[in-house]
file structure.pdb (PDB, C-alpha atoms, pLDDT in the B column)
ATOM      1  CA  MET J 883      38.786   3.746   6.382  1.00 63.00           C
ATOM      2  CA  LYS J 884      37.820   2.908   2.811  1.00 71.00           C
ATOM      3  CA  PRO J 885      36.604   5.696   0.535  1.00 80.00           C
ATOM      4  CA  GLU J 886      32.917   5.681  -0.333  1.00 85.00           C
ATOM      5  CA  PRO J 887      32.280   3.793  -3.585  1.00 90.00           C
ATOM      6  CA  THR J 888      31.414   5.900  -6.604  1.00 92.00           C
ATOM      7  CA  ARG J 889      28.131   5.554  -8.451  1.00 93.00           C
ATOM      8  CA  ASP J 890      29.905   3.701 -11.264  1.00 94.00           C
ATOM      9  CA  GLN J 891      31.381   1.244  -8.766  1.00 95.00           C
ATOM     10  CA  ILE J 892      27.962   0.668  -7.190  1.00 95.00           C
ATOM     11  CA  CYS J 893      26.412   0.031 -10.604  1.00 95.00           C
ATOM     12  CA  ALA J 894      29.255  -2.323 -11.547  1.00 96.00           C
ATOM     13  CA  THR J 895      28.791  -4.194  -8.253  1.00 96.00           C
ATOM     14  CA  ILE J 896      25.075  -4.673  -8.899  1.00 96.00           C
ATOM     15  CA  THR J 897      25.555  -5.883 -12.482  1.00 96.00           C
ATOM     16  CA  HIS J 898      28.466  -8.163 -11.506  1.00 96.00           C
ATOM     17  CA  HIS J 899      26.599  -9.841  -8.651  1.00 96.00           C
ATOM     18  CA  ALA J 900      23.365 -10.076 -10.656  1.00 95.00           C
ATOM     19  CA  ALA J 901      25.254 -11.926 -13.407  1.00 95.00           C
ATOM     20  CA  ARG J 902      26.983 -14.117 -10.821  1.00 94.00           C
ATOM     21  CA  LYS J 903      23.594 -15.069  -9.336  1.00 92.00           C
ATOM     22  CA  ASP J 904      22.090 -15.403 -12.846  1.00 92.00           C
ATOM     23  CA  ALA J 905      19.391 -12.893 -11.905  1.00 92.00           C
ATOM     24  CA  SER J 906      18.018 -10.235 -14.227  1.00 93.00           C
ATOM     25  CA  LEU J 907      17.784  -6.622 -13.146  1.00 94.00           C
ATOM     26  CA  ALA J 908      14.037  -6.813 -13.754  1.00 93.00           C
ATOM     27  CA  ALA J 909      13.677  -9.785 -11.402  1.00 93.00           C
ATOM     28  CA  LEU J 910      15.761  -8.030  -8.751  1.00 93.00           C
ATOM     29  CA  SER J 911      13.639  -4.900  -9.129  1.00 93.00           C
ATOM     30  CA  ARG J 912      10.482  -6.937  -8.585  1.00 93.00           C
ATOM     31  CA  MET J 913      12.112  -8.580  -5.534  1.00 92.00           C
ATOM     32  CA  LEU J 914      12.509  -5.051  -4.156  1.00 92.00           C
ATOM     33  CA  ARG J 915       8.801  -4.439  -4.908  1.00 91.00           C
ATOM     34  CA  HIS J 916       9.470  -1.814  -7.552  1.00 93.00           C
ATOM     35  CA  SER J 917       8.670  -1.744 -11.251  1.00 93.00           C
ATOM     36  CA  SER J 918      10.701  -4.020 -13.505  1.00 92.00           C
ATOM     37  CA  SER J 919      12.762  -1.099 -14.788  1.00 94.00           C
ATOM     38  CA  TYR J 920      13.820   0.256 -11.352  1.00 96.00           C
ATOM     39  CA  LEU J 921      17.392  -1.100 -11.248  1.00 95.00           C
ATOM     40  CA  SER J 922      18.050  -0.666 -14.963  1.00 95.00           C
ATOM     41  CA  ARG J 923      16.999   2.993 -14.652  1.00 96.00           C
ATOM     42  CA  PHE J 924      19.235   3.337 -11.588  1.00 95.00           C
ATOM     43  CA  ILE J 925      22.202   1.969 -13.526  1.00 95.00           C
ATOM     44  CA  GLU J 926      21.605   3.572 -16.922  1.00 94.00           C
ATOM     45  CA  GLU J 927      19.896   6.879 -16.107  1.00 93.00           C
ATOM     46  CA  GLY J 928      20.916   7.562 -12.518  1.00 91.00           C
ATOM     47  CA  VAL J 929      17.353   7.586 -11.183  1.00 92.00           C
ATOM     48  CA  PRO J 930      17.059   7.444  -8.205  1.00 92.00           C
ATOM     49  CA  GLU J 931      20.261   9.166  -7.197  1.00 91.00           C
ATOM     50  CA  ARG J 932      20.894   6.690  -4.356  1.00 90.00           C
ATOM     51  CA  LEU J 933      19.390   3.351  -3.438  1.00 92.00           C
ATOM     52  CA  ALA J 934      16.889   3.483  -0.602  1.00 90.00           C
ATOM     53  CA  LEU J 935      17.976   2.046   2.720  1.00 89.00           C
ATOM     54  CA  ARG J 936      15.627  -0.940   2.452  1.00 90.00           C
ATOM     55  CA  ASP J 937      16.570  -1.661  -1.181  1.00 93.00           C
ATOM     56  CA  ARG J 938      20.268  -1.531  -0.398  1.00 92.00           C
ATOM     57  CA  ALA J 939      19.839  -3.884   2.568  1.00 90.00           C
ATOM     58  CA  MET J 940      17.802  -6.395   0.570  1.00 91.00           C
ATOM     59  CA  LEU J 941      20.287  -6.430  -2.319  1.00 93.00           C
ATOM     60  CA  ALA J 942      23.248  -6.771   0.050  1.00 92.00           C
ATOM     61  CA  ALA J 943      21.572  -9.710   1.789  1.00 90.00           C
ATOM     62  CA  PHE J 944      20.674 -11.343  -1.543  1.00 92.00           C
ATOM     63  CA  PHE J 945      24.200 -10.923  -2.917  1.00 93.00           C
ATOM     64  CA  ASN J 946      25.762 -11.748   0.475  1.00 91.00           C
ATOM     65  CA  ILE J 947      27.904  -8.603   0.446  1.00 92.00           C
ATOM     66  CA  ASP J 948      28.386  -5.620   2.754  1.00 90.00           C
ATOM     67  CA  GLU J 949      25.974  -2.716   2.297  1.00 90.00           C
ATOM     68  CA  PHE J 950      29.020  -0.437   1.992  1.00 91.00           C
ATOM     69  CA  GLU J 951      29.629  -1.860  -1.490  1.00 92.00           C
ATOM     70  CA  LEU J 952      26.175  -0.558  -2.470  1.00 93.00           C
ATOM     71  CA  GLY J 953      26.720   2.940  -1.149  1.00 89.00           C
ATOM     72  CA  ALA J 954      26.110   2.787   2.599  1.00 86.00           C
ATOM     73  CA  ARG J 955      27.963   5.568   4.334  1.00 83.00           C
ATOM     74  CA  PRO J 956      29.931   4.929   7.530  1.00 79.00           C
ATOM     75  CA  GLY J 957      27.742   5.671  10.529  1.00 78.00           C
ATOM     76  CA  GLU J 958      24.558   5.601   8.445  1.00 75.00           C
ATOM     77  CA  PRO J 959      21.764   3.593  10.069  1.00 72.00           C
ATOM     78  CA  ARG J 960      21.253   0.100   8.755  1.00 72.00           C
ATOM     79  CA  PHE J 961      17.884  -1.281   7.767  1.00 68.00           C
ATOM     80  CA  ILE J 962      16.686  -3.812  10.302  1.00 65.00           C
ATOM     81  CA  PRO J 963      13.591  -5.614   9.134  1.00 61.00           C
ATOM     82  CA  ARG J 964      10.793  -5.882  11.657  1.00 61.00           C
ATOM     83  CA  PRO J 965       9.523  -9.328  12.464  1.00 56.00           C
ATOM     84  CA  PRO J 966       6.070  -9.933  11.053  1.00 56.00           C
ATOM     85  CA  LYS J 967       3.189  -9.063  13.332  1.00 58.00           C
ATOM     86  CA  ARG J 968       1.735 -12.015  15.112  1.00 60.00           C
ATOM     87  CA  VAL J 969      -1.872 -12.533  14.325  1.00 54.00           C
ATOM     88  CA  PRO J 970      -3.768 -14.177  17.158  1.00 55.00           C
ATOM     89  CA  LEU J 971      -5.164 -17.504  16.137  1.00 54.00           C
ATOM     90  CA  ARG J 972      -8.866 -17.808  16.618  1.00 58.00           C
ATOM     91  CA  PRO J 973     -10.581 -21.092  17.076  1.00 58.00           C
ATOM     92  CA  ARG J 974     -12.470 -22.097  13.983  1.00 58.00           C
ATOM     93  CA  THR J 975     -16.151 -21.712  14.284  1.00 61.00           C
ATOM     94  CA  ARG J 976     -18.236 -24.408  12.727  1.00 63.00           C
ATOM     95  CA  TYR J 977     -21.660 -23.691  11.390  1.00 60.00           C
TER      96      TYR J 977
END
call {"tool": "encode", "arguments": {"input": "structure.pdb", "output": "structure tokens"}}
result
Amino acid sequence: MKPEPTRDQICATITHHAARKDASLAALSRMLRHSSSYLSRFIEEGVPERLALRDRAMLAAFFNIDEFELGARPGEPRFIPRPPKRVPLRPRTRY
């Protein structure tokens, strides 16, 4: 079993894959529905301490990498997005 990646390794992974995809940290932060400074603060200041489950899953899917590289622990639950709710279609009423 591989050892859990360190915070520095997680930060290096994010910056490496962001550069590879030609995506800014601000754009990735907005993709995660956070403020533009979310990922840069995570990398530079260590806030938050760990990426949230949903954020980690979205970044891993975007970068096409395993969540483990972003700090997922073995046996930790994975984020499984729910399908969107179906809204019943109503016939259009004409006036």
call {"tool": "residues_near_point", "arguments": {"input": "structure.pdb", "point": "(26.6, -13.3, -10.3)", "cutoff": "12 Å", "atoms": "all atoms listed in the file", "output": "PyMOL selection string"}}
result
chain J and resi 894-907+944-947
call {"tool": "atom_distance", "arguments": {"input": "structure.pdb", "atom1": "atom CA of Gly928 of chain J", "atom2": "atom CA of Asp890 of chain J"}}
result
9.9 Å
call {"tool": "atom_distance", "arguments": {"input": "structure.pdb", "atom1": "atom CA of Ala909 of chain J", "atom2": "atom CA of Glu886 of chain J"}}
result
27.1 Å
call {"tool": "residues_around", "arguments": {"input": "structure.pdb", "residues": "Leu933 of chain J", "least_positions_apart": "3", "cutoff": "8 Å", "atoms": "only C-alpha atoms", "output": "mmCIF file with C-alpha atoms, in the frame of the given file"}}
result
data_model
loop_
_atom_site.group_PDB
_atom_site.id
_atom_site.type_symbol
_atom_site.label_atom_id
_atom_site.label_comp_id
_atom_site.auth_asym_id
_atom_site.auth_seq_id
_atom_site.Cartn_x
_atom_site.Cartn_y
_atom_site.Cartn_z
ATOM 1 C CA PRO J 930 17.059 7.444 -8.205
ATOM 2 C CA ASP J 937 16.570 -1.661 -1.181
ATOM 3 C CA ARG J 938 20.268 -1.531 -0.398
ATOM 4 C CA LEU J 952 26.175 -0.558 -2.470
ATOM 5 C CA GLY J 953 26.720 2.940 -1.149
#
call {"tool": "atom_distance", "arguments": {"input": "structure.pdb", "atom1": "atom CA of Arg912 of chain J", "atom2": "atom CA of Leu935 of chain J"}}
result
16.3 Å
call {"tool": "residues_around", "arguments": {"input": "structure.pdb", "residues": "Arg936 of chain J", "least_positions_apart": "3", "cutoff": "12 Å", "atoms": "all atoms listed in the file", "output": "PyMOL selection string"}}
result
chain J and resi 913-916+932-933+939-943+949+952+954+959-964
call {"tool": "closest_residue", "arguments": {"input": "structure.pdb", "among": "J:Gly957, J:Ser918, J:Asp948, J:Glu927", "to": "Arg889 of chain J", "atoms": "all atoms listed in the file"}}
result
J:Glu927
call {"tool": "axis_aligned_box", "arguments": {"input": "structure.pdb", "around": "segment 903-906 of chain J", "padding_each_side": "6 Å", "output": "JSON"}}
result
{"center_x": 20.8, "center_y": -12.8, "center_z": -11.8, "size_x": 17.6, "size_y": 17.2, "size_z": 16.9}
call {"tool": "decode", "arguments": {"input": "structure.pdb", "residues": "chain J", "atoms": "C-alpha atoms", "output": "PDB file, in the first residue's frame"}}
result
ATOM      1  CA  MET J 883       0.000   0.000   0.000  1.00  0.00           C
ATOM      2  CA  LYS J 884       1.288   3.441  -0.941  1.00  0.00           C
ATOM      3  CA  PRO J 885       1.898   5.990   1.811  1.00  0.00           C
ATOM      4  CA  GLU J 886      -0.531   8.889   1.996  1.00  0.00           C
ATOM      5  CA  PRO J 887       0.745  11.879   0.002  1.00  0.00           C
ATOM      6  CA  THR J 888       2.023  14.815   2.016  1.00  0.00           C
ATOM      7  CA  ARG J 889       0.473  18.258   1.799  1.00  0.00           C
ATOM      8  CA  ASP J 890       3.416  19.455  -0.298  1.00  0.00           C
ATOM      9  CA  GLN J 891       2.908  16.573  -2.725  1.00  0.00           C
ATOM     10  CA  ILE J 892      -0.809  17.355  -3.000  1.00  0.00           C
ATOM     11  CA  CYS J 893      -0.065  21.019  -3.696  1.00  0.00           C
ATOM     12  CA  ALA J 894       2.579  20.079  -6.273  1.00  0.00           C
ATOM     13  CA  THR J 895       0.093  17.717  -7.951  1.00  0.00           C
ATOM     14  CA  ILE J 896      -2.529  20.457  -8.215  1.00  0.00           C
ATOM     15  CA  THR J 897      -0.109  23.044  -9.622  1.00  0.00           C
ATOM     16  CA  HIS J 898       1.451  20.524 -12.040  1.00  0.00           C
ATOM     17  CA  HIS J 899      -1.877  19.354 -13.455  1.00  0.00           C
ATOM     18  CA  ALA J 900      -3.286  22.895 -13.572  1.00  0.00           C
ATOM     19  CA  ALA J 901      -0.286  23.973 -15.670  1.00  0.00           C
ATOM     20  CA  ARG J 902      -0.624  20.870 -17.845  1.00  0.00           C
ATOM     21  CA  LYS J 903      -4.293  21.706 -18.501  1.00  0.00           C
ATOM     22  CA  ASP J 904      -3.430  25.419 -18.902  1.00  0.00           C
ATOM     23  CA  ALA J 905      -5.945  26.275 -16.178  1.00  0.00           C
ATOM     24  CA  SER J 906      -5.443  28.954 -13.549  1.00  0.00           C
ATOM     25  CA  LEU J 907      -5.982  28.223  -9.881  1.00  0.00           C
ATOM     26  CA  ALA J 908      -8.628  30.950  -9.854  1.00  0.00           C
ATOM     27  CA  ALA J 909     -10.558  29.284 -12.682  1.00  0.00           C
ATOM     28  CA  LEU J 910     -10.331  25.910 -10.944  1.00  0.00           C
ATOM     29  CA  SER J 911     -11.548  27.478  -7.703  1.00  0.00           C
ATOM     30  CA  ARG J 912     -14.559  28.932  -9.500  1.00  0.00           C
ATOM     31  CA  MET J 913     -15.208  25.514 -11.100  1.00  0.00           C
ATOM     32  CA  LEU J 914     -15.426  24.168  -7.544  1.00  0.00           C
ATOM     33  CA  ARG J 915     -17.891  26.986  -6.727  1.00  0.00           C
ATOM     34  CA  HIS J 916     -15.569  28.702  -4.279  1.00  0.00           C
ATOM     35  CA  SER J 917     -13.998  32.146  -4.332  1.00  0.00           C
ATOM     36  CA  SER J 918     -11.216  32.741  -6.840  1.00  0.00           C
ATOM     37  CA  SER J 919      -8.568  32.534  -4.124  1.00  0.00           C
ATOM     38  CA  TYR J 920      -9.661  29.146  -2.680  1.00  0.00           C
ATOM     39  CA  LEU J 921      -6.979  26.928  -4.262  1.00  0.00           C
ATOM     40  CA  SER J 922      -4.204  29.513  -4.048  1.00  0.00           C
ATOM     41  CA  ARG J 923      -4.934  29.887  -0.317  1.00  0.00           C
ATOM     42  CA  PHE J 924      -4.945  26.094   0.023  1.00  0.00           C
ATOM     43  CA  ILE J 925      -1.530  25.876  -1.626  1.00  0.00           C
ATOM     44  CA  GLU J 926       0.146  28.953  -0.149  1.00  0.00           C
ATOM     45  CA  GLU J 927      -1.437  29.317   3.297  1.00  0.00           C
ATOM     46  CA  GLY J 928      -2.706  25.829   4.081  1.00  0.00           C
ATOM     47  CA  VAL J 929      -6.347  26.889   4.402  1.00  0.00           C
ATOM     48  CA  PRO J 930      -8.368  24.678   4.420  1.00  0.00           C
ATOM     49  CA  GLU J 931      -6.270  21.953   5.975  1.00  0.00           C
ATOM     50  CA  ARG J 932      -7.658  19.300   3.600  1.00  0.00           C
ATOM     51  CA  LEU J 933      -9.677  19.468   0.414  1.00  0.00           C
ATOM     52  CA  ALA J 934     -13.354  18.689   0.843  1.00  0.00           C
ATOM     53  CA  LEU J 935     -14.581  15.378  -0.503  1.00  0.00           C
ATOM     54  CA  ARG J 936     -16.540  17.001  -3.338  1.00  0.00           C
ATOM     55  CA  ASP J 937     -13.680  19.351  -4.290  1.00  0.00           C
ATOM     56  CA  ARG J 938     -11.182  16.512  -4.366  1.00  0.00           C
ATOM     57  CA  ALA J 939     -13.482  14.394  -6.543  1.00  0.00           C
ATOM     58  CA  MET J 940     -14.122  17.216  -9.007  1.00  0.00           C
ATOM     59  CA  LEU J 941     -10.418  18.047  -9.341  1.00  0.00           C
ATOM     60  CA  ALA J 942      -9.492  14.378  -9.763  1.00  0.00           C
ATOM     61  CA  ALA J 943     -12.104  13.990 -12.501  1.00  0.00           C
ATOM     62  CA  PHE J 944     -10.969  17.200 -14.227  1.00  0.00           C
ATOM     63  CA  PHE J 945      -7.298  16.192 -14.105  1.00  0.00           C
ATOM     64  CA  ASN J 946      -8.138  12.541 -14.869  1.00  0.00           C
ATOM     65  CA  ILE J 947      -6.156  11.279 -11.876  1.00  0.00           C
ATOM     66  CA  ASP J 948      -6.905   9.138  -8.825  1.00  0.00           C
ATOM     67  CA  GLU J 949      -8.325  10.942  -5.794  1.00  0.00           C
ATOM     68  CA  PHE J 950      -5.525   9.362  -3.737  1.00  0.00           C
ATOM     69  CA  GLU J 951      -3.078  11.792  -5.360  1.00  0.00           C
ATOM     70  CA  LEU J 952      -5.149  14.641  -3.882  1.00  0.00           C
ATOM     71  CA  GLY J 953      -5.217  13.251  -0.368  1.00  0.00           C
ATOM     72  CA  ALA J 954      -7.952  10.612  -0.303  1.00  0.00           C
ATOM     73  CA  ARG J 955      -7.280   8.110   2.429  1.00  0.00           C
ATOM     74  CA  PRO J 956      -7.664   4.372   1.814  1.00  0.00           C
ATOM     75  CA  GLY J 957     -11.140   3.275   2.839  1.00  0.00           C
ATOM     76  CA  GLU J 958     -12.448   6.850   2.880  1.00  0.00           C
ATOM     77  CA  PRO J 959     -15.810   7.220   1.138  1.00  0.00           C
ATOM     78  CA  ARG J 960     -15.717   8.583  -2.372  1.00  0.00           C
ATOM     79  CA  PHE J 961     -17.932  11.391  -3.574  1.00  0.00           C
ATOM     80  CA  ILE J 962     -20.605  10.078  -5.899  1.00  0.00           C
ATOM     81  CA  PRO J 963     -22.527  12.867  -7.547  1.00  0.00           C
ATOM     82  CA  ARG J 964     -26.287  12.518  -7.511  1.00  0.00           C
ATOM     83  CA  PRO J 965     -28.062  12.634 -10.824  1.00  0.00           C
ATOM     84  CA  PRO J 966     -30.028  15.831 -11.267  1.00  0.00           C
ATOM     85  CA  LYS J 967     -33.618  15.725 -10.103  1.00  0.00           C
ATOM     86  CA  ARG J 968     -36.080  15.170 -12.866  1.00  0.00           C
ATOM     87  CA  VAL J 969     -38.534  17.958 -13.184  1.00  0.00           C
ATOM     88  CA  PRO J 970     -41.871  16.823 -14.563  1.00  0.00           C
ATOM     89  CA  LEU J 971     -42.646  18.480 -17.836  1.00  0.00           C
ATOM     90  CA  ARG J 972     -45.915  20.308 -17.874  1.00  0.00           C
ATOM     91  CA  PRO J 973     -47.824  20.970 -21.013  1.00  0.00           C
ATOM     92  CA  ARG J 974     -47.572  24.580 -22.037  1.00  0.00           C
ATOM     93  CA  THR J 975     -50.661  26.538 -21.398  1.00  0.00           C
ATOM     94  CA  ARG J 976     -51.617  29.036 -24.021  1.00  0.00           C
ATOM     95  CA  TYR J 977     -53.497  32.154 -23.146  1.00  0.00           C
TER      96      TYR J 977
END
